[in-house]
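**Student:** Okay, here's the structure, questions in a sec.
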Amino acid sequence: MTQDKIYVAGHRGMVGSAIVRHLLAQGVSQSQIVTRTHAELELTNQSAVQHFFATEKPTQVYLAAAKVGGIYANNTYPADFIYQNLMMQANIIEAAFRNGVKKLLFLGSSCIYPRMAQQPMREDALLTGTLEPTNEPYAIAKIAGIKLCESYNRQYGAGHGVDYRSVMPTNLYGPGDNYHAENSHVIPALIRRFHEAKLANAKSVSIWGTGTPRREFLYVDDMAAASVHVMQLPKALYDQHTTPMQSHINVGSGSDVTIAEVARTIAQTVGYEGDIEFDTSKPDGALRKWMDSSRLNALGWKAEVDLHQGLEAAYQDFASKL
Ligand SMILES: NC(=O)c1ccc[n+]([C@@H]2O[C@H](COP(=O)([O-])OP(=O)(O)OC[C@H]3O[C@@H](n4cnc5c(N)ncnc54)[C@H](OP(=O)(O)O)[C@@H]3O)[C@@H](O)[C@H]2O)c1
């Protein structure tokens with residue numbers, strides 16, 4: 001059993017809270033897990049972060065704090081997205097290094113890959129093309145996060161034993177998601193809409209686009225399990241499957257579904273019995289977006305929760321908060 005003192009940054013977020021749940025389920029004791037709310041520790045504040053690390057002296061860090069949002073938020077607040085994410089990750093990674101942290105896991109996102117990347121997106125597609133403009137500032141910050149980890153490894157790996165890794169999740173959903181009407185991702189947004197349509201006995205729910213684009217979704221507890229798995233991999237094995245300047249690992253479910261299938265499955269989960277209409281005058285976005293997770297599969301991890309099970313749990317979470 002690990003004796004580590006583990007700092008989970010962003011522990012009240014969807015992924016951070018799932019990582020804490022997973023560590024506790026693995027037998028890590030609550031007293032080994034260090035957390036700070038946003039109100040207690042502003043991660044864009046360098047001296048506050050330095051002081052926190054110097055005082056608490058964690059030995060492992062999961063970096064799951066970030067400014068996260070949908071297309072609208074990314075487009076409206078690009079300065080906040082690039083500045084806050086760059087600052088948070090730079091402050092945490094530098095403070096971790098200065099305070100002797102050897103193991104850190106940085107959470108990125110699939111939006112680091114070029115807009116026209118070949119599907120499924122492999123890790124080596126990074127920096128081979130132009131990014132999607134709507135979330136480019138956020139993606140640039142995430143790419144910088146990967147490069148921070150790699151640069152600290154390259155400069156301080158051999159001498160100081162620094163071993164900072166990164167994982168790139170696909171679209172996540174599950175307990176702790178943001179169900180805000182305008183600013184949420186596709187699954188939580190549809191859960192809310194179908195739930196409200198059921199209560200209103202609505203005849204139909206209209207969905208943007210043709211319903212044919214395909215997307216990949218991963219249940220958040222699977223993401224947490226994958227994060228802990230990657231963190232705990234022996235260094236020799238991790239090194240065998242990565243290179244010093246391409247060290248990130250994709251985390252996906254391995255399969256994708258059409259928006260129409262997701263919508264139908266959510267309607268069924270929620271118990272909405274009306275029609276689903278597709279508003280083909282609205283844009284579809286990319287036709288397909290899914291990750292090549294073969295590197296992670298070769299490292300011994302596979303997703304376990306299927307979409308039906310995951311959506312049941314997500315809907316229960318949504319309903320419990322009404
Ligand atoms: N959700 C997805 O579908 C998805 C997909 C791919 C990758 N990811 C990545 O996974 C990671 C976690 O995402 P998530 O969905 O769990 O996000 P989330 O639910 O929004 O959680 C982010 C956490 O970070 C905290 N935080 C943000 N800014 C902070 C600051 N300046 N100082 C201190 N704490 C701060 C937030 O606290 P407050 O709420 O109090 O601000 C929150 O607890 C992110 O790196 C994200 O890019 C998520």
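Please note that chains go A, B, ... in the order of the structure tokens, that every chain numbers its residues from 1, and that ligands are numbered from 1 in the order shown.
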For range 16-27 of chain A, list every protein, DNA or RNA residue within 9 Å, evaluated using only C-alpha atoms, and leave out those in the same chain fewer than 2 positions away; present the list as an NGL selection string.

**Tutor:** :A and (1-2 or 8-14 or 29-30 or 33 or 62-65 or 175-176 or 220-225 or 227-228)

**Student:** Identify, on the basis of only C-alpha atoms, every residue whose closest approach to Gln3 in chain A does not exceed 10 Å; exclude the query and any residue fewer than 6 positions from it along the same chain; express the result as a PyMOL selection string.

**Tutor:** chain A and resi 28-29+32+59

**Student:** Which residue out of A:Cys149, A:Met121, A:Leu299, A:Leu172 has the minimum interatomic distance to ligand 1 when only C-alpha atoms and all ligand atoms are used?

**Tutor:** A:Leu172

**Student:** Hey, can you check how far CA of Pro137 in chain A sits from CA of Ala79 in chain A?

**Tutor:**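 Result for CA of Pro137 in chain A versus CA of Ala79 in chain A: 7.6 Å, one decimal.
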
**Student:** Extract, using only C-alpha atoms, all DNA, RNA and protein residues at most 7 Å from Asn171 in chain A, discarding same-chain residues fewer than 3 positions from it, and format them as a VMD selection string.

**Tutor:** chain A and resid 216 to 218

**Student:** Kindly give the distance, in Å, that separates CA of Pro188 in chain A and atom 1 (N, counted along the ligand's line) of ligand 1, rounded to a single decimal.

**Tutor:**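 Separation between CA of Pro188 in chain A and atom 1 (N, counted along the ligand's line) of ligand 1: 10.3 Å.
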
**Student:** What's around range 101-117 of chain A at 7 Å? Count only C-alpha atoms, leave out sequence neighbours fewer than 2 positions away in its own chain, and write the answer as number ranges by chain.

**Tutor:** A: 58-64, 96-97, 99, 119, 121, 125-126, 128-132, 139, 142-143, 161-170, 231

**Student:** Please produce a file of the residues just selected, as a CSV table (one decimal), in the first residue's frame, where the atoms kept are C-alpha atoms.

**Tutor:**
chain,number,residue,atom,x,y,z
A,58,PRO,CA,2.8,16.2,-0.9
A,59,THR,CA,4.8,13.5,-2.7
A,60,GLN,CA,2.4,12.9,-5.6
A,61,VAL,CA,0.1,15.3,-7.5
A,62,TYR,CA,-2.9,14.7,-9.7
A,63,LEU,CA,-3.4,18.0,-11.7
A,64,ALA,CA,-7.1,17.9,-12.4
A,96,ALA,CA,6.0,20.4,-7.1
A,97,PHE,CA,9.5,20.2,-8.5
A,99,ASN,CA,9.4,20.7,-3.2
A,119,GLN,CA,-9.2,9.5,-37.0
A,121,MET,CA,-6.4,10.4,-33.2
A,125,ALA,CA,-0.8,13.7,-34.3
A,126,LEU,CA,0.2,16.4,-31.7
A,128,THR,CA,1.1,18.3,-36.9
A,129,GLY,CA,-1.6,20.8,-37.9
A,130,THR,CA,-3.9,23.8,-37.2
A,131,LEU,CA,-6.1,23.6,-34.0
A,132,GLU,CA,-9.8,24.1,-33.9
A,139,ALA,CA,-5.7,23.8,-26.3
A,142,LYS,CA,-3.0,22.1,-22.5
A,143,ILE,CA,-0.2,21.5,-25.0
A,161,GLY,CA,14.1,11.4,-10.3
A,162,VAL,CA,11.3,13.7,-11.7
A,163,ASP,CA,8.6,11.6,-13.4
A,164,TYR,CA,5.8,13.8,-14.7
A,165,ARG,CA,3.2,12.2,-16.9
A,166,SER,CA,0.1,13.3,-18.9
A,167,VAL,CA,-3.1,11.8,-20.0
A,168,MET,CA,-5.5,13.2,-22.7
A,169,PRO,CA,-9.1,12.3,-22.0
A,170,THR,CA,-11.9,12.1,-24.6
A,231,MET,CA,0.3,7.3,-12.4

**Student:** What separation in Å, quoted to one decimal, exists between CA of Ser253 in chain A and CA of Ala303 in chain A?

**Tutor:**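 Calculated distance between CA of Ser253 in chain A and CA of Ala303 in chain A is 5.3 Å.
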
**Student:** Considering only C-alpha atoms, return as a ChimeraX atom specification whatever protein or nucleic-acid residues lie within 10 Å of Ala314 in chain A, sequence-local ones (same chain, fewer than 3 positions apart) excluded.

**Tutor:** /A:173-177,187-188,191,219-220,266,269,308-311,317-320

**Student:** I need the residues of range 122-270 of chain A that end up classed as strand (DSSP E or B) by DSSP on the backbone, written out as a PyMOL selection string.

**Tutor:** chain A and resi 163-169+171-173+204-208+214-219+243+246+248-251+256-258

**Student:** Per DSSP on the backbone, what are the helix (DSSP H, G or I) residues of range 140-244 of chain A, as number ranges by chain?

**Tutor:** A: 140-160, 186-199, 220-232, 235-241

**Student:** Determine the nearest neighbour of ligand 1 from the options A:His180, A:Arg264, A:His160, A:Arg98, counting only C-alpha atoms and all ligand atoms.

**Tutor:** A:His180

**Student:** Go through A:Glu196, A:Lys5, A:Gly252, A:His51 and flag the residue nearest ligand 1, using only C-alpha atoms and all ligand atoms for the distances.

**Tutor:**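 Under the stated criterion, the closest residue is A:Gly252.
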